[in-house]
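Engineer: Input entry-v3.txt, format and content: compact mmCIF, C-alpha atoms and all ligand atoms.
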# COMPACT_ATOMS: atom_id res chain seq x y z
CA MET A 1 0.00 0.00 0.00
CA THR A 2 1.17 3.51 -0.75
CA ASP A 3 2.10 5.55 2.29
CA THR A 4 0.21 8.84 2.12
CA SER A 5 0.88 10.06 5.64
CA LEU A 6 2.50 13.42 6.01
CA PRO A 7 5.49 13.89 8.34
CA ASP A 8 4.60 14.48 12.01
CA SER A 9 6.29 17.86 11.91
CA LEU A 10 3.32 19.34 10.05
CA SER A 11 2.70 22.31 12.22
CA ILE A 12 3.11 25.95 11.44
CA THR A 13 6.53 26.79 12.81
CA ASP A 14 6.44 30.52 12.13
CA ALA A 15 3.06 32.15 11.68
CA THR A 16 4.46 35.39 10.23
CA LEU A 17 4.05 35.24 6.49
CA ALA A 18 7.27 35.22 4.50
CA ALA A 19 5.69 38.01 2.45
CA ASP A 20 5.67 40.06 5.69
CA GLY A 21 9.26 39.18 6.61
CA GLY A 22 8.64 35.84 8.35
CA ARG A 23 10.56 32.61 7.78
CA PRO A 24 9.43 30.89 4.57
CA VAL A 25 8.08 27.36 4.78
CA ARG A 26 10.77 26.25 2.32
CA THR A 27 13.74 27.70 0.52
CA ALA A 28 14.30 24.84 -1.95
CA GLU A 29 12.92 25.43 -5.47
CA TRP A 30 9.43 24.03 -6.04
CA PRO A 31 10.01 21.12 -8.46
CA THR A 32 8.66 21.83 -11.96
CA TYR A 33 9.54 20.48 -15.40
CA ASP A 34 10.83 23.82 -16.67
CA LYS A 35 13.57 23.70 -14.04
CA GLY A 36 14.57 20.25 -15.28
CA ASP A 37 12.54 18.27 -12.74
CA VAL A 38 11.31 15.54 -15.05
CA PHE A 39 10.05 11.98 -14.65
CA ILE A 40 12.62 10.31 -16.92
CA CYS A 41 14.53 7.08 -16.32
CA PRO A 42 17.69 5.68 -17.98
CA ALA A 43 15.60 3.37 -20.20
CA ASP A 44 13.86 6.46 -21.71
CA GLU A 45 17.22 8.08 -22.42
CA GLN A 46 18.56 4.86 -23.93
CA ALA A 47 15.51 4.54 -26.18
CA GLY A 48 16.26 8.00 -27.61
CA ILE A 49 19.97 7.22 -28.03
CA ASP A 50 19.21 3.91 -29.77
CA ALA A 51 16.85 5.70 -32.17
CA ILE A 52 19.51 8.31 -32.93
CA LYS A 53 22.02 5.56 -33.64
CA ARG A 54 19.66 3.83 -36.06
CA ARG A 55 19.83 6.96 -38.26
CA LEU A 56 16.31 6.53 -39.59
CA TYR A 57 14.52 9.58 -38.26
CA PHE A 58 11.63 9.87 -40.71
CA ARG A 59 8.58 7.76 -40.01
CA TYR A 60 7.58 7.24 -43.64
CA ASP A 61 10.82 5.88 -45.14
CA TYR A 62 11.02 2.47 -46.88
CA ARG A 63 9.81 0.54 -43.81
CA ALA A 64 6.35 -0.74 -43.05
CA VAL A 65 4.57 1.33 -40.36
CA SER A 66 4.82 -1.63 -37.99
CA ASP A 67 8.63 -1.61 -38.32
CA THR A 68 9.02 2.05 -37.39
CA GLU A 69 9.35 3.59 -33.93
CA THR A 70 6.32 5.79 -34.60
CA GLY A 71 4.27 2.81 -35.77
CA ARG A 72 5.29 0.87 -32.66
CA PHE A 73 4.31 3.82 -30.45
CA GLU A 74 0.92 4.05 -32.17
CA SER A 75 0.37 0.33 -31.79
CA ALA A 76 1.33 0.50 -28.08
CA LEU A 77 -1.14 3.39 -27.65
CA CYS A 78 -3.91 1.33 -29.27
CA ASP A 79 -3.19 -1.51 -26.83
CA TYR A 80 -2.92 0.73 -23.78
CA PHE A 81 -6.09 2.71 -24.49
CA GLY A 82 -8.05 -0.10 -26.16
CA VAL A 83 -8.73 1.92 -29.33
CA PRO A 84 -8.37 0.86 -32.97
CA HIS A 85 -6.46 3.91 -34.24
CA ALA A 86 -3.68 6.15 -32.93
CA LEU A 87 -1.70 8.76 -34.82
CA GLY A 88 1.51 10.39 -33.59
CA CYS A 89 1.92 14.08 -34.43
CA THR A 90 3.88 17.18 -33.50
CA SER A 91 1.89 18.61 -30.57
CA GLY A 92 -1.32 18.65 -28.60
CA THR A 93 -2.46 21.67 -30.62
CA THR A 94 -2.01 19.84 -33.92
CA ALA A 95 -3.66 16.72 -32.46
CA ILE A 96 -6.81 18.77 -31.70
CA ALA A 97 -6.68 20.42 -35.13
CA LEU A 98 -6.21 17.03 -36.82
CA ALA A 99 -9.23 15.62 -34.99
CA LEU A 100 -11.33 18.55 -36.22
CA LEU A 101 -9.93 18.32 -39.74
CA GLY A 102 -10.66 14.60 -39.71
CA LEU A 103 -14.33 15.40 -39.08
CA ALA A 104 -14.51 17.25 -42.43
CA LEU A 105 -16.80 19.97 -41.08
CA PRO A 106 -17.87 22.87 -43.31
CA PRO A 107 -15.27 25.67 -43.23
CA ARG A 108 -15.72 28.25 -40.47
CA SER A 109 -18.05 26.08 -38.43
CA VAL A 110 -18.83 27.07 -34.87
CA VAL A 111 -16.99 24.79 -32.45
CA LEU A 112 -17.80 25.10 -28.75
CA CYS A 113 -15.18 24.75 -26.03
CA PRO A 114 -15.01 25.74 -22.35
CA ALA A 115 -13.88 29.23 -21.43
CA PHE A 116 -11.41 27.75 -18.96
CA THR A 117 -8.69 26.16 -21.03
CA PHE A 118 -5.19 26.83 -22.33
CA ALA A 119 -5.03 29.24 -25.27
CA ALA A 120 -4.04 26.28 -27.47
CA THR A 121 -7.63 24.94 -27.56
CA PRO A 122 -9.22 27.90 -29.37
CA SER A 123 -5.98 28.19 -31.36
CA ALA A 124 -6.41 24.62 -32.60
CA ILE A 125 -10.04 25.34 -33.53
CA GLN A 126 -8.85 28.30 -35.58
CA LEU A 127 -6.01 26.26 -37.06
CA ALA A 128 -8.59 23.79 -38.36
CA GLY A 129 -10.44 26.70 -40.02
CA HIS A 130 -13.30 27.02 -37.54
CA ARG A 131 -14.70 29.56 -35.08
CA PRO A 132 -14.38 28.93 -31.34
CA VAL A 133 -17.35 29.89 -29.18
CA PHE A 134 -16.99 29.60 -25.44
CA VAL A 135 -19.07 27.89 -22.78
CA GLU A 136 -19.12 28.97 -19.14
CA CYS A 137 -17.67 26.80 -16.39
CA ASP A 138 -19.30 25.69 -13.17
CA GLU A 139 -17.97 26.44 -9.69
CA ASN A 140 -15.39 23.65 -10.05
CA LEU A 141 -14.19 25.08 -13.35
CA ASN A 142 -15.66 22.14 -15.24
CA LEU A 143 -17.75 22.83 -18.35
CA ASP A 144 -21.19 24.10 -17.33
CA ILE A 145 -23.75 21.71 -18.80
CA ASP A 146 -26.63 24.21 -18.54
CA ASP A 147 -24.71 26.88 -20.42
CA LEU A 148 -23.72 24.28 -23.02
CA ARG A 149 -27.38 23.34 -23.50
CA GLY A 150 -28.24 26.96 -24.25
CA LYS A 151 -25.39 27.33 -26.74
CA LEU A 152 -26.10 24.25 -28.86
CA THR A 153 -27.55 26.13 -31.83
CA ASP A 154 -27.82 24.86 -35.43
CA GLU A 155 -24.53 26.58 -36.22
CA VAL A 156 -22.58 24.35 -33.81
CA LYS A 157 -20.82 21.54 -35.64
CA ALA A 158 -18.59 20.13 -32.89
CA VAL A 159 -17.75 20.47 -29.21
CA VAL A 160 -14.22 20.26 -27.81
CA VAL A 161 -14.31 19.32 -24.13
CA VAL A 162 -11.15 19.96 -22.13
CA HIS A 163 -9.84 17.98 -19.17
CA MET A 164 -8.19 21.11 -17.95
CA ARG A 165 -5.29 20.82 -15.50
CA GLY A 166 -5.94 17.07 -15.49
CA VAL A 167 -9.51 17.22 -14.15
CA ALA A 168 -12.08 15.23 -16.16
CA SER A 169 -14.78 17.14 -17.93
CA ASP A 170 -18.08 15.25 -17.77
CA VAL A 171 -17.98 13.90 -21.33
CA ASP A 172 -20.99 11.65 -20.63
CA ALA A 173 -23.17 14.61 -19.63
CA VAL A 174 -21.97 16.52 -22.70
CA ARG A 175 -22.71 13.60 -25.02
CA ALA A 176 -26.18 13.19 -23.51
CA LEU A 177 -26.88 16.61 -25.05
CA THR A 178 -24.84 16.38 -28.26
CA ASP A 179 -25.46 12.78 -29.42
CA PRO A 180 -29.17 13.34 -30.18
CA LEU A 181 -28.11 16.35 -32.28
CA ASP A 182 -25.35 14.39 -34.08
CA ILE A 183 -22.74 16.85 -32.87
CA PRO A 184 -19.36 15.14 -32.42
CA VAL A 185 -17.37 15.64 -29.23
CA ILE A 186 -13.59 15.80 -29.28
CA GLU A 187 -11.65 15.50 -26.04
CA ASP A 188 -8.75 17.84 -25.45
CA ALA A 189 -7.15 15.38 -23.05
CA VAL A 190 -3.75 17.07 -23.29
CA PRO A 191 -3.29 17.71 -19.54
CA ALA A 192 -4.96 14.46 -18.43
CA LEU A 193 -2.96 11.65 -20.03
CA GLY A 194 -3.58 8.59 -17.87
CA ALA A 195 -6.65 9.84 -15.93
CA ARG A 196 -10.04 8.12 -16.03
CA LEU A 197 -13.73 8.95 -15.83
CA ARG A 198 -16.16 6.26 -14.67
CA GLY A 199 -13.61 3.58 -15.46
CA ARG A 200 -12.74 4.78 -18.97
CA GLN A 201 -9.52 6.43 -20.04
CA LEU A 202 -9.97 10.11 -20.80
CA GLY A 203 -9.49 10.68 -24.52
CA THR A 204 -11.42 7.52 -25.47
CA ILE A 205 -14.96 8.71 -24.70
CA GLY A 206 -15.52 11.25 -27.48
CA VAL A 207 -15.13 10.62 -31.21
CA ALA A 208 -11.43 11.46 -30.84
CA GLY A 209 -9.00 12.28 -28.03
CA ALA A 210 -6.06 14.65 -28.43
CA PHE A 211 -2.91 14.44 -26.30
CA SER A 212 0.43 16.20 -26.00
CA THR A 213 3.86 14.82 -25.18
CA GLN A 214 5.30 18.26 -24.38
CA SER A 215 7.59 18.23 -21.34
CA ASP A 216 4.88 19.09 -18.80
CA LYS A 217 2.75 16.07 -19.75
CA SER A 218 2.56 12.44 -18.60
CA ILE A 219 4.76 11.42 -21.56
CA ASN A 220 7.58 13.90 -22.07
CA THR A 221 9.40 14.07 -25.39
CA GLY A 222 9.96 17.82 -25.31
CA GLU A 223 7.32 18.39 -27.96
CA GLY A 224 4.90 15.98 -29.62
CA GLY A 225 1.36 14.71 -29.48
CA PHE A 226 -1.04 12.05 -30.61
CA LEU A 227 -4.62 11.40 -31.51
CA LEU A 228 -6.84 8.44 -30.58
CA THR A 229 -10.04 7.48 -32.36
CA ALA A 230 -12.33 4.60 -33.25
CA ASP A 231 -13.52 6.45 -36.35
CA THR A 232 -11.61 5.01 -39.32
CA GLU A 233 -12.56 7.77 -41.73
CA LEU A 234 -11.56 10.50 -39.29
CA PHE A 235 -8.27 8.68 -38.69
CA ALA A 236 -7.51 8.29 -42.42
CA ARG A 237 -8.19 11.98 -43.09
CA ALA A 238 -6.22 13.12 -40.06
CA THR A 239 -3.31 10.95 -41.20
CA VAL A 240 -3.26 12.63 -44.62
CA TYR A 241 -3.50 16.10 -43.08
CA SER A 242 -0.62 15.24 -40.73
CA GLY A 243 1.58 14.81 -43.79
CA ALA A 244 1.20 11.21 -45.06
CA TYR A 245 1.70 12.09 -48.72
CA GLU A 246 1.78 9.94 -51.88
CA GLY A 247 -0.16 7.01 -50.54
CA ARG A 248 1.59 6.82 -47.17
CA MET A 249 -1.74 7.03 -45.34
CA ARG A 250 -2.54 3.57 -46.73
CA ARG A 251 0.47 2.06 -44.98
CA HIS A 252 -1.44 2.52 -41.74
CA PHE A 253 -3.92 -0.04 -42.98
CA GLU A 254 -1.37 -2.68 -43.97
CA PRO A 255 -1.31 -5.50 -44.81
CA ALA A 256 -4.53 -4.87 -46.75
CA GLY A 257 -3.02 -1.56 -47.91
CA LEU A 258 -6.31 0.30 -48.30
CA PRO A 259 -8.55 1.89 -45.71
CA PRO A 260 -12.02 0.42 -45.83
CA ILE A 261 -13.35 3.85 -46.73
CA ALA A 262 -12.97 6.31 -49.57
CA VAL A 263 -10.44 8.81 -48.29
CA ASN A 264 -8.20 10.03 -51.08
CA ASP A 265 -4.97 11.66 -50.02
CA LEU A 266 -5.05 14.11 -52.91
CA ASP A 267 -8.29 15.61 -51.62
CA HIS A 268 -6.61 17.21 -48.60
CA PRO A 269 -3.71 19.54 -47.93
CA ILE A 270 -0.78 18.09 -45.98
CA PHE A 271 0.48 20.08 -43.04
CA GLY A 272 3.74 18.37 -42.03
CA TRP A 273 2.64 17.54 -38.47
CA ARG A 274 4.25 14.10 -38.47
CA MET A 275 5.91 12.59 -35.42
CA ASP A 276 9.59 11.71 -35.80
CA GLU A 277 11.32 8.47 -34.88
CA ILE A 278 13.44 9.74 -31.99
CA ARG A 279 10.60 11.12 -29.95
CA ALA A 280 8.42 8.12 -30.82
CA ALA A 281 11.07 5.77 -29.39
CA MET A 282 11.26 7.79 -26.17
CA ALA A 283 7.47 8.04 -25.98
CA THR A 284 7.07 4.26 -26.20
CA SER A 285 9.52 3.81 -23.35
CA MET A 286 7.60 6.35 -21.24
CA LEU A 287 4.25 4.79 -22.08
CA ASN A 288 5.57 1.62 -20.43
CA ARG A 289 5.88 3.61 -17.20
CA LEU A 290 2.73 5.68 -17.51
CA ASP A 291 0.91 3.75 -14.77
CA GLU A 292 3.82 4.39 -12.41
CA ARG A 293 3.67 8.10 -13.13
CA VAL A 294 -0.10 8.23 -12.75
CA ALA A 295 0.23 6.48 -9.36
CA ALA A 296 2.80 9.09 -8.26
CA HIS A 297 0.50 11.95 -9.26
CA ARG A 298 -2.38 10.27 -7.45
CA ARG A 299 -0.43 9.82 -4.25
CA ASN A 300 0.76 13.43 -4.24
CA TYR A 301 -2.66 14.81 -5.05
CA THR A 302 -4.37 12.66 -2.39
CA VAL A 303 -1.89 13.72 0.28
CA VAL A 304 -2.26 17.40 -0.56
CA ALA A 305 -6.06 17.28 -0.90
CA GLU A 306 -6.38 15.52 2.44
CA GLY A 307 -4.05 18.07 4.01
CA LEU A 308 -6.14 20.96 2.68
CA ALA A 309 -9.53 19.53 3.63
CA GLY A 310 -11.17 21.81 6.13
CA VAL A 311 -8.81 24.75 5.60
CA SER A 312 -10.99 27.79 5.97
CA ARG A 313 -11.32 30.43 3.24
CA ILE A 314 -10.47 28.07 0.37
CA ALA A 315 -12.56 25.67 -1.75
CA VAL A 316 -10.55 22.93 -3.47
CA ARG A 317 -11.62 22.24 -7.06
CA GLN A 318 -13.68 19.04 -7.07
CA PRO A 319 -13.82 16.51 -9.93
CA VAL A 320 -17.14 15.39 -11.43
CA GLU A 321 -16.71 12.04 -9.65
CA PRO A 322 -14.20 11.10 -6.94
CA GLY A 323 -10.78 10.38 -8.46
CA ALA A 324 -11.63 11.62 -11.97
CA LEU A 325 -8.41 13.59 -12.29
CA LEU A 326 -4.73 13.09 -12.96
CA GLY A 327 -3.47 15.13 -10.01
CA GLU A 328 -0.92 17.23 -11.92
CA SER A 329 -2.14 20.40 -10.27
CA MET A 330 -3.88 21.59 -7.11
CA MET A 331 -6.42 24.32 -7.70
CA PHE A 332 -8.57 26.08 -5.17
CA ARG A 333 -10.67 29.18 -4.98
CA VAL A 334 -10.00 31.78 -2.36
CA LEU A 335 -13.39 32.55 -0.87
CA ASP A 336 -13.24 36.25 -0.36
CA VAL A 337 -15.38 38.92 -1.93
CA HIS A 338 -12.52 41.41 -2.08
CA GLU A 339 -10.84 41.93 -5.39
CA GLY A 340 -7.25 40.77 -5.63
CA THR A 341 -7.28 38.46 -2.59
CA ALA A 342 -6.46 35.36 -4.65
CA ALA A 343 -3.58 37.23 -6.31
CA ARG A 344 -2.25 38.17 -2.88
CA PHE A 345 -2.76 34.58 -1.71
CA ALA A 346 -0.69 33.24 -4.63
CA CYS A 347 1.95 35.90 -4.06
CA ALA A 348 2.16 34.96 -0.36
CA LEU A 349 2.53 31.29 -1.33
CA ARG A 350 5.40 32.13 -3.67
CA ALA A 351 7.09 33.93 -0.80
CA GLU A 352 6.71 30.72 1.23
CA GLY A 353 8.57 28.84 -1.53
CA ILE A 354 5.60 27.33 -3.38
CA CYS A 355 5.11 27.91 -7.11
CA ALA A 356 1.56 29.31 -7.27
CA ARG A 357 -0.40 31.53 -9.64
CA ASN A 358 -3.73 33.23 -9.42
CA ILE A 359 -5.16 32.50 -12.86
CA GLY A 360 -7.06 35.76 -13.11
CA ASP A 361 -4.25 37.93 -11.72
CA VAL A 362 -4.42 41.23 -13.60
CA ASP A 363 -0.65 41.66 -13.28
CA ASP A 364 0.10 38.24 -14.75
CA CYS A 365 -0.93 37.72 -18.35
CA ASN A 366 -1.90 34.08 -17.87
CA VAL A 367 -3.11 32.48 -21.11
CA ARG A 368 -5.47 30.25 -19.14
CA ALA A 369 -7.55 33.40 -18.52
CA PHE A 370 -9.72 33.71 -21.62
CA TRP A 371 -9.86 37.52 -21.64
CA ASN A 372 -6.14 37.50 -22.45
CA TRP A 373 -6.82 35.75 -25.81
CA ARG A 374 -6.77 38.87 -27.96
CA PHE A 375 -6.94 36.64 -31.05
CA CYS A 376 -10.48 35.75 -29.93
CA PHE A 377 -11.48 38.77 -27.87
CA PRO A 378 -10.19 42.19 -28.96
CA ASP A 379 -11.70 43.76 -25.83
CA ALA A 380 -10.79 42.04 -22.55
CA ALA A 381 -13.44 43.85 -20.49
CA GLN A 382 -16.16 42.84 -22.93
CA ALA A 383 -14.84 39.27 -22.95
CA ARG A 384 -15.23 39.12 -19.17
CA ARG A 385 -18.76 40.49 -19.41
CA SER A 386 -19.67 37.83 -21.98
CA LEU A 387 -18.55 34.98 -19.68
CA PRO A 388 -19.04 36.53 -16.24
CA ARG A 389 -19.14 33.36 -14.17
CA THR A 390 -15.91 31.89 -15.49
CA ALA A 391 -14.26 35.31 -15.22
CA MET A 392 -15.24 35.59 -11.56
CA LEU A 393 -14.10 32.03 -10.79
CA LEU A 394 -10.72 32.49 -12.47
CA GLU A 395 -10.20 35.69 -10.53
CA GLN A 396 -10.59 33.62 -7.34
CA THR A 397 -8.50 30.62 -8.42
CA VAL A 398 -5.02 29.67 -7.28
CA ASP A 399 -3.16 27.02 -9.28
CA ILE A 400 -0.18 25.03 -8.00
CA PRO A 401 1.68 22.51 -10.19
CA LEU A 402 2.11 19.06 -8.63
CA SER A 403 5.07 17.30 -10.22
CA ALA A 404 4.99 13.50 -10.26
CA ASN A 405 8.36 13.71 -8.51
CA LEU A 406 7.11 15.50 -5.37
CA THR A 407 8.23 13.89 -2.13
CA LEU A 408 5.98 13.61 0.91
CA ASP A 409 8.08 16.43 2.41
CA ASP A 410 7.28 18.63 -0.60
CA CYS A 411 3.59 17.82 -0.16
CA ALA A 412 3.83 18.66 3.54
CA ASP A 413 5.46 22.00 2.72
CA LEU A 414 2.66 22.82 0.33
CA VAL A 415 -0.04 22.00 2.87
CA GLU A 416 1.77 23.95 5.57
CA ALA A 417 2.21 26.96 3.31
CA VAL A 418 -1.45 27.04 2.25
CA ARG A 419 -2.62 26.69 5.85
CA LYS A 420 -0.24 29.41 6.93
CA VAL A 421 -1.31 31.83 4.21
CA ALA A 422 -5.02 31.06 4.71
CA ALA A 423 -4.62 31.86 8.40
CA GLY A 424 -2.28 34.81 8.07
CA LEU A 425 -3.50 36.74 5.05
CA GLY A 426 -5.71 39.73 5.73
CA THR A 427 -9.16 39.84 4.24
CA GLY A 428 -8.20 42.15 1.41
CA ARG A 429 -9.83 45.30 2.68
C1 LIG B 1 -5.66 22.08 -22.41
C2 LIG B 1 -4.52 22.12 -23.36
N1 LIG B 1 -4.76 21.96 -24.68
C3 LIG B 1 -3.78 22.00 -25.59
C4 LIG B 1 -2.47 22.22 -25.22
C5 LIG B 1 -1.41 22.32 -26.26
O1 LIG B 1 -0.48 21.28 -26.26
P1 LIG B 1 0.89 21.53 -27.04
O2 LIG B 1 1.67 22.52 -26.27
O3 LIG B 1 1.54 20.20 -27.12
O4 LIG B 1 0.52 22.04 -28.39
C6 LIG B 1 -2.17 22.41 -23.86
C7 LIG B 1 -0.78 22.64 -23.43
O5 LIG B 1 -0.43 22.59 -22.29
C8 LIG B 1 -3.22 22.36 -22.91
O6 LIG B 1 -2.99 22.54 -21.61
Is it possible to give me this structure as C-alpha cells?
Ligand SMILES: Cc1ncc(COP(=O)(O)O)c(C=O)c1O

Structural biologist:
Amino acid sequence: MTDTSLPDSLSITDATLAADGGRPVRTAEWPTYDKGDVFICPADEQAGIDAIKRRLYFRYDYRAVSDTETGRFESALCDYFGVPHALGCTSGTTAIALALLGLALPPRSVVLCPAFTFAATPSAIQLAGHRPVFVECDENLNLDIDDLRGKLTDEVKAVVVVHMRGVASDVDAVRALTDPLDIPVIEDAVPALGARLRGRQLGTIGVAGAFSTQSDKSINTGEGGFLLTADTELFARATVYSGAYEGRMRRHFEPAGLPPIAVNDLDHPIFGWRMDEIRAAMATSMLNRLDERVAAHRRNYTVVAEGLAGVSRIAVRQPVEPGALLGESMMFRVLDVHEGTAARFACALRAEGICARNIGDVDDCNVRAFWNWRFCFPDAAQARRSLPRTAMLLEQTVDIPLSANLTLDDCADLVEAVRKVAAGLGTGR
C-alpha cells in the first residue's frame, strides 16, 4: 500500500508570512519540469539514443509502419487505451486540429469549447479553419452543462471538451446533449494523459481524443502529441492532413493496404505535423511507465487534498466524480469577496517557496484566462462580461503545479504553506 501520511512535523513553525518578513516554509525550489525536474529514467534516455544511432529519423521511409518507432508507439497506444487507431503528431495543438480536420466539417463552423482552457484549444479550432465559441464553467471550473445546452444552436458543428489541468470534464453529460443532435465531441485530453472517468480512459470517450507529449505532460518528449479514435474515416483523413503524402496514409492499414473507406490523399492539404522516430522511441519507453507516473500523481494529489480539507477560506476544485483527475495540479478558490485576494494569496505562497499563480491575476498575463486571448477577444473587459461566471471564478482561483516527482516532504510544505497563508493573510480590505 502507498504511504500517504505526512510527516509528524506538520505544524506551522512561524506564523508570520514570508511576504511580511517571516521565515518561509521552504527555501528549496518548487520542483517543476521547466527547471529540469522531469520523470525520466535511464531506459527512456537509452531509447532516444538507440533511435539516434539507427539513423532513420523519418517515419515514412522504406519501412512498413509496424517496423518504425512511430508505428510501434501508435500500436502501443492502441493496446494501452483499447482503441483501434492512434496517430503520432507534432503537438497537442495539432492533435486537436487534426481531430477537427478529420471530421470534415464545413469551413468556419462554430466549435464550442469551455472558457477555462489553455489558449491552445481555441488556437487549434482556428487552425482547423473554424470559429471557437466559449461555454461557461461551473464552480469547479468544469464545463457548465446548462450553459452548453443553451449554446447548442444549429450553427454548432462540434464540441471540444477539455480535461483542464488534469480534471475530467463530464464527457458523458456533454454527449447526452450532443449525441441526439449528431454533434461530435472531441476531447482535449492534453493535460490528463492517464486519468479516467467512470472507469474509462480520458481521450477515449468522445469521437477522438487529443494528447500532448510536451515536457509538462505524462509522456515527455519535449514536444509531440497524438490522436486516438475509433472512427476510421476521421483517422484516415487526419493521417493525410498530418503529412502522409503519396499514398503513405494507406500504410497505416497494412497489410490490406487500403482503408475500408474512400479517403483520397489528394483531396486534402498536408500540413507536415508528423511525429519523428526519436521522440516516438522515447514516448514508447515512457508509455511503459505511464501507470507508475499516474500512481505518483495520485499519491501526491491525495496527500495534498487531504491536508487541505477543512482549511478555511479556500474551496478545493472538485472533480465530477471522486478520483476523476490526474493530479498534476492543485487548484482552489480563495473565498473572499474582495478583489485581488487570490492574487495576494498566490503571491504569499510564492514567498513561502511554493510555485503558485492566481489565474485571473491582472498583473500576470496568464493564457489560461480567456480575456487575455486577444486573437479571440479584442476587448478584454467585454470578454469578461460575456462569460461573467468563469471570469469571476478564475479571478478567485489559485493554481499550484504538482510534479509526479514530489516527495511527501514537498507535499507537507505545500499543505503547511497554504494553511499558513489562509490563516495569516488579511481579508483584502
Ligand atoms: C488544455 C490544453 N490543450 C492543448 C495544449 C497544447 O499542447 P501543445 O503545447 O503540445 O501544443 C495544452 C498545453 O499545455 C493544454 O494545456

Engineer: Neighbouring residues of ligand LIG 1 (chain B) are defined here as those with any atom at most 7 Å from a ligand atom, counting only C-alpha atoms and all ligand atoms; list them as a PyMOL selection string.

Structural biologist: chain A and resi 91-94+117-118+120-121+162-165+188-191+212-214+223-225

Engineer: I need the residue nearest Gln396 of chain A from this list: A:Cys137, A:Leu425, A:Ile314, A:Leu77. Use all atoms listed in the file for the distance.

Structural biologist: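 With all atoms listed in the file as the atom set, the closest residue is A:Ile314.
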
Engineer: Could you pull the residues within 12 Å of Ala296 of chain A, counting all atoms listed in the file, minus those fewer than 6 positions along the same chain, as number ranges by chain?

Structural biologist: A: 2-4, 39, 194, 218, 289-290, 302-303, 326-328, 402-408, 411

Engineer: For Asn366 of chain A, find every residue with an atom within 12 Å (counting all atoms listed in the file), except residues of its own chain fewer than 5 positions away, and show them as a list in words.

Structural biologist: Phe116, Thr117, Phe118, Ala119, Arg357, Asn358, Ile359, Gly360, Asp361, Trp371, Asn372, Trp373, Leu394, Glu395, Val398 and Asp399 of chain A

Engineer: Excluding Ala76 of chain A and its own-chain neighbours fewer than 6 positions away, which residues fall within 10 Å of it when counting all atoms listed in the file? Please give them as a compact mmCIF listing (two decimals) with C-alpha atoms, in the coordinates of the input.

Structural biologist:
# COMPACT_ATOMS: atom_id res chain seq x y z
CA THR A 70 6.32 5.79 -34.60
CA GLY A 82 -8.05 -0.10 -26.16
CA ALA A 86 -3.68 6.15 -32.93
CA ALA A 283 7.47 8.04 -25.98
CA THR A 284 7.07 4.26 -26.20
CA LEU A 287 4.25 4.79 -22.08
CA ASN A 288 5.57 1.62 -20.43

Engineer: Nearest residue to Thr204 of chain A out of A:Phe81, A:Phe253, A:Tyr60, A:Phe271, using all atoms listed in the file?

Structural biologist: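 Between A:Phe81, A:Phe253, A:Tyr60, A:Phe271, the residue approaching Thr204 of chain A most closely is A:Phe81.
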
Engineer: Just how far from atom CA of Val263 of chain A is atom CA of Leu112 of chain A, in Å to one decimal?

Structural biologist: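 Going from atom CA of Leu112 of chain A over to atom CA of Val263 of chain A covers 26.5 Å.
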
Engineer: Which is closer to Thr232 of chain A than all the others in A:Asp79, A:Pro106, A:His85, A:Asp67, using all atoms listed in the file?

Structural biologist: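 Of all the options, A:His85 lies closest to Thr232 of chain A.
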
Engineer: Got a sec: who's within 6 Å of segment 41-55 of chain A, counting all atoms listed in the file, leaving out chain neighbours fewer than 3 positions off, as a list of chain:residue names?

Structural biologist: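 These residues fall inside the cut-off: A:Ile278, A:Ala281, A:Met282, A:Ser285.
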
Engineer: What are the closest atom pairs, with distances in Å to one decimal, for all residues of segment 137-196 of chain A lying within 9 Å of segment 379-392 of chain A? Consider all atoms listed in the file, order rows by chain and residue number, and present the result as a tab-separated table.

Structural biologist:
residue	atom	partner	partner_atom	distance
A:Cys137	CA	A:Thr390	CA	5.5
A:Asp138	CA	A:Thr390	CA	7.4
A:Glu139	CA	A:Thr390	CA	8.2
A:Leu141	CA	A:Thr390	CA	7.3

Engineer: Which residues are near segment 23-33 of chain A? Cut-off 6 Å, all atoms listed in the file, ignore same chain within fewer than 4 positions. Put them as a VMD selection string.

Structural biologist: chain A and resid 18 37 to 38 216 352 to 355

Engineer: So the first atom is atom CA of Asp147 of chain A and the second is atom CA of Leu101 of chain A; what is the distance between them in Å, to one decimal place?

Structural biologist: 25.8 Å

Engineer: What separation in Å, quoted to one decimal, exists between atom CA of Thr229 of chain A and atom CA of Asp144 of chain A?

Structural biologist: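 For atom CA of Thr229 of chain A relative to atom CA of Asp144 of chain A, the distance reads 25.0 Å.
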
Engineer: Using all atoms listed in the file, find the one residue out of A:Gly272, A:Pro259, A:Pro84, A:Gly243 that sits nearest to Asp231 of chain A.

Structural biologist: A:Pro84
